[in-house]
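One file, structure16.pdb, is given below (PDB, C-alpha atoms).
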```pdb
MODEL        1
ATOM      1  CA  MET A1493      32.630 101.285 174.563
ATOM      2  CA  PHE A1494      35.471  98.814 173.951
ATOM      3  CA  GLN A1495      33.112  95.847 174.362
ATOM      4  CA  PHE A1496      30.699  97.482 171.929
ATOM      5  CA  ILE A1497      33.462  97.765 169.289
ATOM      6  CA  ILE A1498      34.536  94.146 169.830
ATOM      7  CA  ARG A1499      30.941  92.902 169.400
ATOM      8  CA  ARG A1500      30.529  94.850 166.183
ATOM      9  CA  PHE A1501      33.845  93.567 164.880
ATOM     10  CA  LEU A1502      32.902  89.941 165.574
ATOM     11  CA  VAL A1503      29.663  90.394 163.610
ATOM     12  CA  LEU A1504      31.753  91.321 160.562
ATOM     13  CA  ILE A1505      33.580  87.973 160.416
ATOM     14  CA  PRO A1506      30.654  85.831 159.116
ATOM     15  CA  LEU A1507      29.671  88.686 156.806
ATOM     16  CA  LEU A1508      33.115  88.786 155.205
ATOM     17  CA  PHE A1509      33.093  84.987 154.935
ATOM     18  CA  ALA A1510      29.774  85.088 153.029
ATOM     19  CA  VAL A1511      31.108  87.832 150.773
ATOM     20  CA  SER A1512      34.212  85.795 149.984
ATOM     21  CA  VAL A1513      32.006  82.880 148.856
ATOM     22  CA  VAL A1514      30.007  85.168 146.563
ATOM     23  CA  VAL A1515      33.115  86.820 145.106
ATOM     24  CA  PHE A1516      34.703  83.445 144.412
ATOM     25  CA  LEU A1517      31.597  81.899 142.817
ATOM     26  CA  ILE A1518      30.685  84.900 140.640
ATOM     27  CA  LEU A1519      33.922  84.640 138.686
ATOM     28  CA  ARG A1520      34.287  80.858 138.790
ATOM     29  CA  LEU A1521      30.740  80.100 137.589
ATOM     30  CA  GLY A1522      30.736  82.698 134.818
ATOM     31  CA  PRO A1523      30.617  81.854 131.111
ATOM     32  CA  ASN A1524      34.327  82.577 130.574
ATOM     33  CA  ASP A1525      37.087  80.078 131.283
ATOM     34  CA  PRO A1526      39.887  81.533 133.452
ATOM     35  CA  ALA A1527      42.339  79.117 131.865
ATOM     36  CA  MET A1528      41.477  80.463 128.414
ATOM     37  CA  SER A1529      41.972  84.043 129.629
ATOM     38  CA  TYR A1530      45.300  83.066 131.139
ATOM     39  CA  LEU A1531      46.515  81.559 127.882
ATOM     40  CA  ARG A1532      45.278  84.504 125.832
ATOM     41  CA  LEU A1533      47.070  87.035 128.027
ATOM     42  CA  SER A1534      50.180  84.823 128.011
ATOM     43  CA  GLN A1535      50.005  84.709 124.194
ATOM     44  CA  ILE A1536      49.980  80.906 124.259
ATOM     45  CA  PRO A1537      47.900  79.057 121.610
ATOM     46  CA  PRO A1538      44.876  77.489 123.386
ATOM     47  CA  THR A1539      45.500  73.859 122.448
ATOM     48  CA  ASP A1540      43.985  71.037 124.481
ATOM     49  CA  GLU A1541      47.333  70.316 126.081
ATOM     50  CA  ALA A1542      47.907  73.996 126.931
ATOM     51  CA  LEU A1543      44.410  74.308 128.438
ATOM     52  CA  ALA A1544      44.938  71.210 130.567
ATOM     53  CA  ALA A1545      48.316  72.493 131.761
ATOM     54  CA  ALA A1546      46.851  75.933 132.529
ATOM     55  CA  ARG A1547      43.960  74.430 134.529
ATOM     56  CA  GLU A1548      46.404  72.336 136.521
ATOM     57  CA  PHE A1549      48.681  75.341 137.116
ATOM     58  CA  LEU A1550      45.739  77.528 138.242
ATOM     59  CA  GLY A1551      44.180  74.766 140.329
ATOM     60  CA  LEU A1552      41.033  74.677 138.182
ATOM     61  CA  ASN A1553      41.175  70.894 137.876
ATOM     62  CA  LYS A1554      40.300  70.509 141.579
ATOM     63  CA  PRO A1555      36.741  70.298 142.937
ATOM     64  CA  LEU A1556      35.075  73.683 143.414
ATOM     65  CA  PHE A1557      35.156  73.437 147.214
ATOM     66  CA  ALA A1558      38.874  72.644 147.179
ATOM     67  CA  GLN A1559      39.503  75.603 144.867
ATOM     68  CA  TYR A1560      37.629  77.899 147.266
ATOM     69  CA  ALA A1561      39.456  76.535 150.315
ATOM     70  CA  ASP A1562      42.844  77.110 148.665
ATOM     71  CA  TRP A1563      41.844  80.607 147.570
ATOM     72  CA  LEU A1564      40.467  81.526 151.019
ATOM     73  CA  VAL A1565      43.566  80.319 152.869
ATOM     74  CA  LYS A1566      45.764  82.383 150.554
ATOM     75  CA  ALA A1567      43.434  85.412 150.783
ATOM     76  CA  VAL A1568      43.623  85.361 154.588
ATOM     77  CA  ARG A1569      47.396  85.545 154.181
ATOM     78  CA  LEU A1570      46.859  88.429 151.685
ATOM     79  CA  ASP A1571      48.086  86.261 148.833
ATOM     80  CA  PHE A1572      45.766  86.820 145.859
ATOM     81  CA  GLY A1573      47.998  85.221 143.279
ATOM     82  CA  LEU A1574      49.703  86.746 140.262
ATOM     83  CA  SER A1575      48.145  89.050 137.712
ATOM     84  CA  TYR A1576      47.637  87.353 134.354
ATOM     85  CA  VAL A1577      48.893  90.528 132.622
ATOM     86  CA  THR A1578      51.846  91.784 134.658
ATOM     87  CA  ARG A1579      52.861  88.454 136.296
ATOM     88  CA  ARG A1580      53.342  90.355 139.557
ATOM     89  CA  PRO A1581      51.570  89.765 142.899
ATOM     90  CA  VAL A1582      48.065  91.221 142.755
ATOM     91  CA  LEU A1583      48.226  92.817 146.201
ATOM     92  CA  ASN A1584      51.427  94.651 145.293
ATOM     93  CA  GLU A1585      49.745  95.975 142.164
ATOM     94  CA  ILE A1586      46.698  97.167 144.131
ATOM     95  CA  LEU A1587      48.894  98.849 146.738
ATOM     96  CA  TYR A1588      50.913 100.529 143.980
ATOM     97  CA  TYR A1589      47.826 102.217 142.516
ATOM     98  CA  LEU A1590      46.028 102.749 145.850
ATOM     99  CA  PRO A1591      47.685 106.064 146.915
ATOM    100  CA  ALA A1592      46.400 107.848 143.809
ATOM    101  CA  THR A1593      42.846 106.634 144.476
ATOM    102  CA  LEU A1594      43.016 107.557 148.163
ATOM    103  CA  ASN A1595      44.313 110.981 147.178
ATOM    104  CA  LEU A1596      41.380 111.531 144.817
ATOM    105  CA  ALA A1597      38.710 110.051 147.104
ATOM    106  CA  GLY A1598      40.096 111.844 150.159
ATOM    107  CA  LEU A1599      40.007 115.239 148.487
ATOM    108  CA  SER A1600      36.503 114.526 147.182
ATOM    109  CA  LEU A1601      35.299 113.607 150.677
ATOM    110  CA  LEU A1602      36.925 116.726 152.103
ATOM    111  CA  LEU A1603      35.193 118.888 149.494
ATOM    112  CA  THR A1604      31.909 117.130 150.265
ATOM    113  CA  LEU A1605      32.149 117.992 153.965
ATOM    114  CA  ILE A1606      33.513 121.511 153.547
ATOM    115  CA  LEU A1607      30.778 122.502 151.091
ATOM    116  CA  SER A1608      27.754 120.454 152.156
ATOM    117  CA  ILE A1609      27.723 121.215 155.893
ATOM    118  CA  PRO A1610      27.608 125.036 155.647
ATOM    119  CA  LEU A1611      25.256 124.924 152.655
ATOM    120  CA  GLY A1612      22.898 122.514 154.422
ATOM    121  CA  MET A1613      22.899 124.684 157.547
ATOM    122  CA  TRP A1614      22.411 127.817 155.436
ATOM    123  CA  ALA A1615      19.390 126.269 153.749
ATOM    124  CA  ALA A1616      17.853 125.060 157.020
ATOM    125  CA  LEU A1617      18.275 128.400 158.778
ATOM    126  CA  ASN A1618      16.701 130.223 155.806
ATOM    127  CA  LYS A1619      13.847 127.824 155.100
ATOM    128  CA  ASP A1620      11.662 128.813 152.133
ATOM    129  CA  ARG A1621      13.791 131.880 151.414
ATOM    130  CA  LEU A1622      16.226 132.552 148.575
ATOM    131  CA  PRO A1623      19.242 130.717 150.124
ATOM    132  CA  ASP A1624      17.053 127.662 150.646
ATOM    133  CA  HIS A1625      15.829 127.723 147.035
ATOM    134  CA  ILE A1626      19.390 128.110 145.721
ATOM    135  CA  THR A1627      20.805 125.192 147.713
ATOM    136  CA  ARG A1628      17.835 122.948 146.916
ATOM    137  CA  ALA A1629      18.265 123.670 143.208
ATOM    138  CA  LEU A1630      21.990 122.953 143.477
ATOM    139  CA  SER A1631      21.410 119.661 145.287
ATOM    140  CA  PHE A1632      18.755 118.597 142.763
ATOM    141  CA  PHE A1633      21.162 119.436 139.926
ATOM    142  CA  GLY A1634      24.000 117.473 141.568
ATOM    143  CA  VAL A1635      21.938 114.373 142.340
ATOM    144  CA  SER A1636      20.536 114.242 138.800
ATOM    145  CA  MET A1637      23.892 114.517 137.012
ATOM    146  CA  PRO A1638      25.984 111.343 136.456
ATOM    147  CA  ASN A1639      29.625 111.876 137.352
ATOM    148  CA  PHE A1640      30.866 110.559 133.988
ATOM    149  CA  TRP A1641      28.754 113.122 132.088
ATOM    150  CA  LEU A1642      29.938 115.892 134.399
ATOM    151  CA  GLY A1643      33.513 114.783 133.803
ATOM    152  CA  PHE A1644      33.140 115.044 130.031
ATOM    153  CA  MET A1645      31.513 118.477 130.372
ATOM    154  CA  LEU A1646      34.290 119.755 132.629
ATOM    155  CA  VAL A1647      36.938 118.571 130.174
ATOM    156  CA  SER A1648      35.076 120.216 127.278
ATOM    157  CA  ILE A1649      34.716 123.547 129.091
ATOM    158  CA  PHE A1650      37.844 123.963 131.208
ATOM    159  CA  SER A1651      40.368 122.018 129.112
ATOM    160  CA  ILE A1652      39.316 122.214 125.483
ATOM    161  CA  TRP A1653      37.394 125.502 125.399
ATOM    162  CA  LEU A1654      39.083 127.641 128.087
ATOM    163  CA  GLY A1655      42.383 125.775 128.385
ATOM    164  CA  TRP A1656      42.598 126.389 132.133
ATOM    165  CA  LEU A1657      43.064 122.857 133.438
ATOM    166  CA  PRO A1658      44.888 119.746 132.166
ATOM    167  CA  PRO A1659      42.411 117.201 130.778
ATOM    168  CA  MET A1660      44.001 114.025 132.170
ATOM    169  CA  GLY A1661      46.860 112.485 134.076
ATOM    170  CA  ARG A1662      48.349 113.138 137.507
ATOM    171  CA  GLY A1663      51.186 115.443 138.377
ATOM    172  CA  THR A1664      50.345 118.958 139.508
ATOM    173  CA  PRO A1665      47.539 120.041 141.878
ATOM    174  CA  ALA A1666      45.639 121.303 138.838
ATOM    175  CA  HIS A1667      45.257 117.725 137.571
ATOM    176  CA  ILE A1668      43.077 116.670 140.507
ATOM    177  CA  ILE A1669      40.569 119.549 140.426
ATOM    178  CA  MET A1670      38.201 118.240 137.754
ATOM    179  CA  PRO A1671      38.281 114.578 138.858
ATOM    180  CA  ALA A1672      37.577 115.595 142.467
ATOM    181  CA  VAL A1673      34.669 117.859 141.481
ATOM    182  CA  SER A1674      33.195 115.169 139.238
ATOM    183  CA  LEU A1675      33.459 112.605 141.997
ATOM    184  CA  CYS A1676      32.144 114.679 144.901
ATOM    185  CA  LEU A1677      29.177 116.524 143.360
ATOM    186  CA  MET A1678      26.578 113.794 143.916
ATOM    187  CA  SER A1679      27.746 113.035 147.469
ATOM    188  CA  MET A1680      27.795 116.738 148.284
ATOM    189  CA  SER A1681      24.261 117.191 146.950
ATOM    190  CA  ILE A1682      22.924 114.263 148.981
ATOM    191  CA  ASN A1683      24.618 115.594 152.101
ATOM    192  CA  ILE A1684      23.137 119.069 151.641
ATOM    193  CA  ARG A1685      19.614 117.686 151.535
ATOM    194  CA  LEU A1686      20.239 115.374 154.478
ATOM    195  CA  ILE A1687      21.744 118.095 156.680
ATOM    196  CA  ARG A1688      18.915 120.481 155.794
ATOM    197  CA  ALA A1689      16.215 117.931 156.651
ATOM    198  CA  SER A1690      17.942 116.840 159.855
ATOM    199  CA  MET A1691      18.455 120.389 161.084
ATOM    200  CA  LEU A1692      14.866 121.385 160.316
ATOM    201  CA  GLU A1693      13.667 118.420 162.352
ATOM    202  CA  ASN A1694      15.862 119.351 165.305
ATOM    203  CA  LEU A1695      15.004 123.060 165.102
ATOM    204  CA  ASN A1696      11.415 122.117 165.927
ATOM    205  CA  SER A1697      12.312 119.764 168.787
ATOM    206  CA  ARG A1698      11.386 120.380 172.415
ATOM    207  CA  SER A1699      15.005 120.561 173.538
ATOM    208  CA  VAL A1700      15.536 123.598 171.305
ATOM    209  CA  LEU A1701      12.350 125.203 172.606
ATOM    210  CA  TYR A1702      13.462 124.697 176.210
ATOM    211  CA  ALA A1703      16.978 125.958 175.430
ATOM    212  CA  ARG A1704      15.575 129.169 173.996
ATOM    213  CA  ALA A1705      13.209 129.511 176.965
ATOM    214  CA  ARG A1706      16.232 129.331 179.292
ATOM    215  CA  GLY A1707      17.645 132.381 177.508
ATOM    216  CA  LEU A1708      20.590 130.682 175.783
ATOM    217  CA  LYS A1709      22.193 132.540 172.916
ATOM    218  CA  GLU A1710      20.972 131.512 169.473
ATOM    219  CA  ARG A1711      24.517 130.565 168.467
ATOM    220  CA  THR A1712      24.709 128.148 171.412
ATOM    221  CA  VAL A1713      21.291 126.710 170.616
ATOM    222  CA  ILE A1714      22.225 126.083 166.984
ATOM    223  CA  GLY A1715      25.716 124.765 167.700
ATOM    224  CA  VAL A1716      24.981 122.527 170.697
ATOM    225  CA  HIS A1717      21.328 121.530 170.574
ATOM    226  CA  VAL A1718      20.697 121.514 166.823
ATOM    227  CA  PHE A1719      23.927 120.838 164.965
ATOM    228  CA  LYS A1720      25.272 118.015 167.149
ATOM    229  CA  ASN A1721      21.922 116.228 167.206
ATOM    230  CA  SER A1722      21.758 116.562 163.429
ATOM    231  CA  LEU A1723      25.074 114.743 162.988
ATOM    232  CA  ILE A1724      23.813 111.187 163.577
ATOM    233  CA  PRO A1725      22.144 110.710 160.158
ATOM    234  CA  VAL A1726      24.974 112.676 158.560
ATOM    235  CA  VAL A1727      27.567 110.255 159.979
ATOM    236  CA  THR A1728      25.856 107.422 158.125
ATOM    237  CA  ALA A1729      25.921 109.375 154.882
ATOM    238  CA  VAL A1730      29.561 110.421 155.239
ATOM    239  CA  ALA A1731      30.741 106.874 155.960
ATOM    240  CA  MET A1732      28.773 105.573 152.990
ATOM    241  CA  HIS A1733      30.140 108.389 150.833
ATOM    242  CA  ALA A1734      33.672 107.219 151.629
ATOM    243  CA  GLY A1735      32.913 103.818 150.120
ATOM    244  CA  GLU A1736      30.911 105.298 147.260
ATOM    245  CA  LEU A1737      33.716 107.679 146.359
ATOM    246  CA  LEU A1738      36.189 104.802 146.162
ATOM    247  CA  GLY A1739      33.721 102.861 144.014
ATOM    248  CA  GLY A1740      32.854 105.878 141.856
ATOM    249  CA  ALA A1741      36.533 106.463 141.232
ATOM    250  CA  VAL A1742      36.406 103.514 138.803
ATOM    251  CA  VAL A1743      34.529 105.629 136.262
ATOM    252  CA  VAL A1744      36.128 108.993 137.005
ATOM    253  CA  GLU A1745      39.667 107.614 136.876
ATOM    254  CA  SER A1746      38.968 106.123 133.453
ATOM    255  CA  ILE A1747      37.681 109.464 132.128
ATOM    256  CA  PHE A1748      40.615 111.530 133.395
ATOM    257  CA  ALA A1749      43.284 108.802 132.972
ATOM    258  CA  TRP A1750      43.944 109.017 136.706
ATOM    259  CA  PRO A1751      46.442 106.246 137.598
ATOM    260  CA  GLY A1752      44.489 104.716 140.455
ATOM    261  CA  VAL A1753      42.993 101.401 141.522
ATOM    262  CA  GLY A1754      39.734 102.067 139.659
ATOM    263  CA  ARG A1755      41.446 102.480 136.298
ATOM    264  CA  PHE A1756      43.562  99.410 137.017
ATOM    265  CA  ALA A1757      40.392  97.419 137.817
ATOM    266  CA  VAL A1758      38.716  98.520 134.569
ATOM    267  CA  SER A1759      41.769  97.300 132.674
ATOM    268  CA  ALA A1760      41.599  93.979 134.571
ATOM    269  CA  ILE A1761      37.908  93.562 133.697
ATOM    270  CA  TYR A1762      38.629  94.276 130.044
ATOM    271  CA  ASN A1763      41.456  91.714 130.036
ATOM    272  CA  ARG A1764      39.545  89.224 132.241
ATOM    273  CA  ASP A1765      42.392  89.246 134.728
ATOM    274  CA  TYR A1766      40.573  87.135 137.329
ATOM    275  CA  PRO A1767      43.016  87.424 140.272
ATOM    276  CA  VAL A1768      42.937  91.222 140.038
ATOM    277  CA  MET A1769      39.144  91.278 139.713
ATOM    278  CA  GLN A1770      38.692  89.084 142.794
ATOM    279  CA  CYS A1771      41.101  91.128 144.866
ATOM    280  CA  PHE A1772      39.514  94.421 143.797
ATOM    281  CA  ILE A1773      35.946  93.291 144.553
ATOM    282  CA  LEU A1774      36.958  91.923 147.941
ATOM    283  CA  PHE A1775      38.901  95.103 148.663
ATOM    284  CA  MET A1776      35.869  97.291 147.917
ATOM    285  CA  VAL A1777      33.604  95.128 150.070
ATOM    286  CA  VAL A1778      36.031  95.355 152.997
ATOM    287  CA  ILE A1779      36.058  99.148 152.617
ATOM    288  CA  PHE A1780      32.256  99.305 152.807
ATOM    289  CA  VAL A1781      32.182  96.928 155.781
ATOM    290  CA  LEU A1782      34.769  98.971 157.662
ATOM    291  CA  CYS A1783      32.781 102.117 156.891
ATOM    292  CA  ASN A1784      29.746 100.477 158.490
ATOM    293  CA  LEU A1785      31.829  99.627 161.548
ATOM    294  CA  LEU A1786      33.001 103.226 161.735
ATOM    295  CA  VAL A1787      29.383 104.388 161.554
ATOM    296  CA  ASP A1788      28.443 102.162 164.495
ATOM    297  CA  ILE A1789      31.335 103.505 166.569
ATOM    298  CA  CYS A1790      30.442 107.113 165.754
ATOM    299  CA  TYR A1791      26.803 106.392 166.600
ATOM    300  CA  ALA A1792      27.809 105.044 169.998
ATOM    301  CA  TRP A1793      29.966 108.094 170.638
ATOM    302  CA  LEU A1794      27.265 110.579 169.611
ATOM    303  CA  ASP A1795      24.413 108.770 171.342
ATOM    304  CA  PRO A1796      25.345 106.445 174.268
ATOM    305  CA  ARG A1797      21.836 104.944 174.188
ATOM    306  CA  ILE A1798      22.841 103.046 171.048
ATOM    307  CA  ARG A1799      25.642 101.079 172.704
ATOM    308  CA  LEU A1800      23.505 100.528 175.801
ATOM    309  CA  ALA A1801      20.767  99.008 173.654
ATOM    310  CA  GLY A1802      23.379  96.883 171.880
ATOM    311  CA  GLY A1803      24.119  94.638 174.835
ATOM    312  CA  GLY A1804      24.368  96.407 178.145
ATOM    313  CA  ASP A1805      27.749  98.075 177.719
ATOM    314  CA  ASN A1806      27.561 100.997 180.094
ATOM    315  CA  GLN A1807      31.148 102.089 179.930
TER     316      GLN A1807
ENDMDL
END
```
What would the structure in this file look like if it were written as structure tokens?
Amino acid sequence: MFQFIIRRFLVLIPLLFAVSVVVFLILRLGPNDPAMSYLRLSQIPPTDEALAAAREFLGLNKPLFAQYADWLVKAVRLDFGLSYVTRRPVLNEILYYLPATLNLAGLSLLLTLILSIPLGMWAALNKDRLPDHITRALSFFGVSMPNFWLGFMLVSIFSIWLGWLPPMGRGTPAHIIMPAVSLCLMSMSINIRLIRASMLENLNSRSVLYARARGLKERTVIGVHVFKNSLIPVVTAVAMHAGELLGGAVVVESIFAWPGVGRFAVSAIYNRDYPVMQCFILFMVVIFVLCNLLVDICYAWLDPRIRLAGGGDNQ
């Protein structure tokens, strides 16, 4: 198992290197001049002399390869430069806003699991009956609704009309309810459909037929032979949901004025704060890559045949 994890981790190194090249080139080869953005945010008149000094200060007067090499060496040391707006280290700014985003995304993921797993099982065990129709309608409704539109509707109903929940900000537990619901609904709906389909497939498998023929209790059959075997596709979805929830927080945090990394990134995009944008994009990519690694490890734990096929690790 340990060798399997090491092999998967080594595969990630060239992937992250390729991503770093793309992240660097996207912002460097765009139509906007980083030096001009720097001067604008510094409230310095963009004269020819000021632009030349800014390019020299930012290293933009070097060849593109040299710029990338300097940026990569600093990024490996977790040095992403200074924000054009706050003049503080970018990584410190990201880490300052990160707990609020993790709080929101973590609660959303928890709600996704707590609600989707029993609902998906309920639908599968009552196929083509009323519970199945209800959960399928709910999942269709959730998948079809954008989280930003749901956020506006929740604010209109529960804040403006009923006055039950605060419309924005972070402070009390009541502040996180609407952002978490807005963020988790689509992931929850996808998970319900996936769990239902996976369980229906396993309910008709031969292992379940043989288990019932041996006289095992139905609860044991469902819990051991159906539910566990249905987890493998669900693990993929859950790991991807973790990355999607962090990415989706960009929109939801802006709607509810949630002081997280997503709202900070939107502000950086608006201000063309290039160091913050680069750090945020790279941060999100690393999250998705680590989620993929976690999926591989969970796969190997749930089904040892996967790690055996991956290179002969029989531990």
Selection: 10 Å around Ser1681 in chain A, only C-alpha atoms, excl. self and same-chain fewer than 5 positions, as a ChimeraX atom specification: /A:1604,1607-1608,1611-1612,1627-1636,1676,1686
Separation of CA of Ser1679 in chain A from CA of Val1727 in chain A, in Å and rounded to one decimal: 12.8 Å
The PyMOL selection byres ((chain A and resi 1770-1779) around 9) resolved against shown file, as a PyMOL selection string: chain A and resi 1508+1511-1512+1515-1516+1519+1567+1572+1582-1583+1586+1734-1735+1738-1739+1753-1754+1757+1765-1769+1780-1784
Using only C-alpha atoms, please write the residues we just selected to a file, as a compact mmCIF listing (two decimals), in the coordinates of the input.
```
# COMPACT_ATOMS: atom_id res chain seq x y z
CA LEU A 1508 33.12 88.79 155.21
CA VAL A 1511 31.11 87.83 150.77
CA SER A 1512 34.21 85.80 149.98
CA VAL A 1515 33.12 86.82 145.11
CA PHE A 1516 34.70 83.44 144.41
CA LEU A 1519 33.92 84.64 138.69
CA ALA A 1567 43.43 85.41 150.78
CA PHE A 1572 45.77 86.82 145.86
CA VAL A 1582 48.06 91.22 142.76
CA LEU A 1583 48.23 92.82 146.20
CA ILE A 1586 46.70 97.17 144.13
CA ALA A 1734 33.67 107.22 151.63
CA GLY A 1735 32.91 103.82 150.12
CA LEU A 1738 36.19 104.80 146.16
CA GLY A 1739 33.72 102.86 144.01
CA VAL A 1753 42.99 101.40 141.52
CA GLY A 1754 39.73 102.07 139.66
CA ALA A 1757 40.39 97.42 137.82
CA ASP A 1765 42.39 89.25 134.73
CA TYR A 1766 40.57 87.14 137.33
CA PRO A 1767 43.02 87.42 140.27
CA VAL A 1768 42.94 91.22 140.04
CA MET A 1769 39.14 91.28 139.71
CA PHE A 1780 32.26 99.30 152.81
CA VAL A 1781 32.18 96.93 155.78
CA LEU A 1782 34.77 98.97 157.66
CA CYS A 1783 32.78 102.12 156.89
CA ASN A 1784 29.75 100.48 158.49
```
Nearest residue to Trp1641 in chain A from the set A:Ala1545, A:Leu1677, A:Ile1626, A:Leu1603 (distances using all atoms listed in the file):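 Of all the options, A:Leu1677 lies closest to Trp1641 in chain A.
With CA of Phe1748 in chain A on one side and CA of Ile1669 in chain A on the other, the separation reads 10.7 Å.
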Cut-off 6 Å around (42.5, 76.9, 142.6) with all atoms listed in the file: residues as a PyMOL selection string: chain A and resi 1550-1552+1559
Save the residues we just selected, C-alpha atoms, as a tab-separated table (two decimals), keeping the file's coordinate frame?
```tsv
chain	number	residue	atom	x	y	z
A	1550	LEU	CA	45.74	77.53	138.24
A	1551	GLY	CA	44.18	74.77	140.33
A	1552	LEU	CA	41.03	74.68	138.18
A	1559	GLN	CA	39.50	75.60	144.87
```
Selection dump of the PyMOL selection byres ((chain A and resi 1690) around 9), as a PyMOL selection string: chain A and resi 1616+1685-1689+1691-1695+1718-1719+1721-1726
Two-atom distance - CA of Phe1756 in chain A, CA of Leu1596 in chain A (Å):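 Straight-line distance from CA of Phe1756 in chain A to CA of Leu1596 in chain A works out to 14.6 Å.
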Residue with smallest distance to Gly1661 in chain A - pool A:Glu1745, A:Asn1595, A:Leu1605, A:Asn1639, counting all atoms listed in the file: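 Closest candidate: A:Glu1745.
Residues matched by the PyMOL selection byres ((chain A and resi 1592) around 9) in this file are A:Tyr1588, A:Tyr1589, A:Leu1590, A:Pro1591, A:Thr1593, A:Leu1594, A:Asn1595, A:Leu1596, A:Ala1597, A:Arg1662, A:Trp1750, A:Pro1751, A:Gly1752, A:Val1753.
Distance annotation: of A:Leu1617, A:Ser1674, A:Ile1682, A:Pro1658, the residue with the minimal separation from Pro1638 in chain A is A:Ser1674; atom set is all atoms listed in the file.
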Nearest candidate to Ile1606 in chain A (options A:Leu1675, A:Leu1517, A:Leu1564, A:Ile1684; using only C-alpha atoms):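 Checking each of A:Leu1675, A:Leu1517, A:Leu1564, A:Ile1684 against Ile1606 in chain A, counting only C-alpha atoms, the winner is A:Ile1684.
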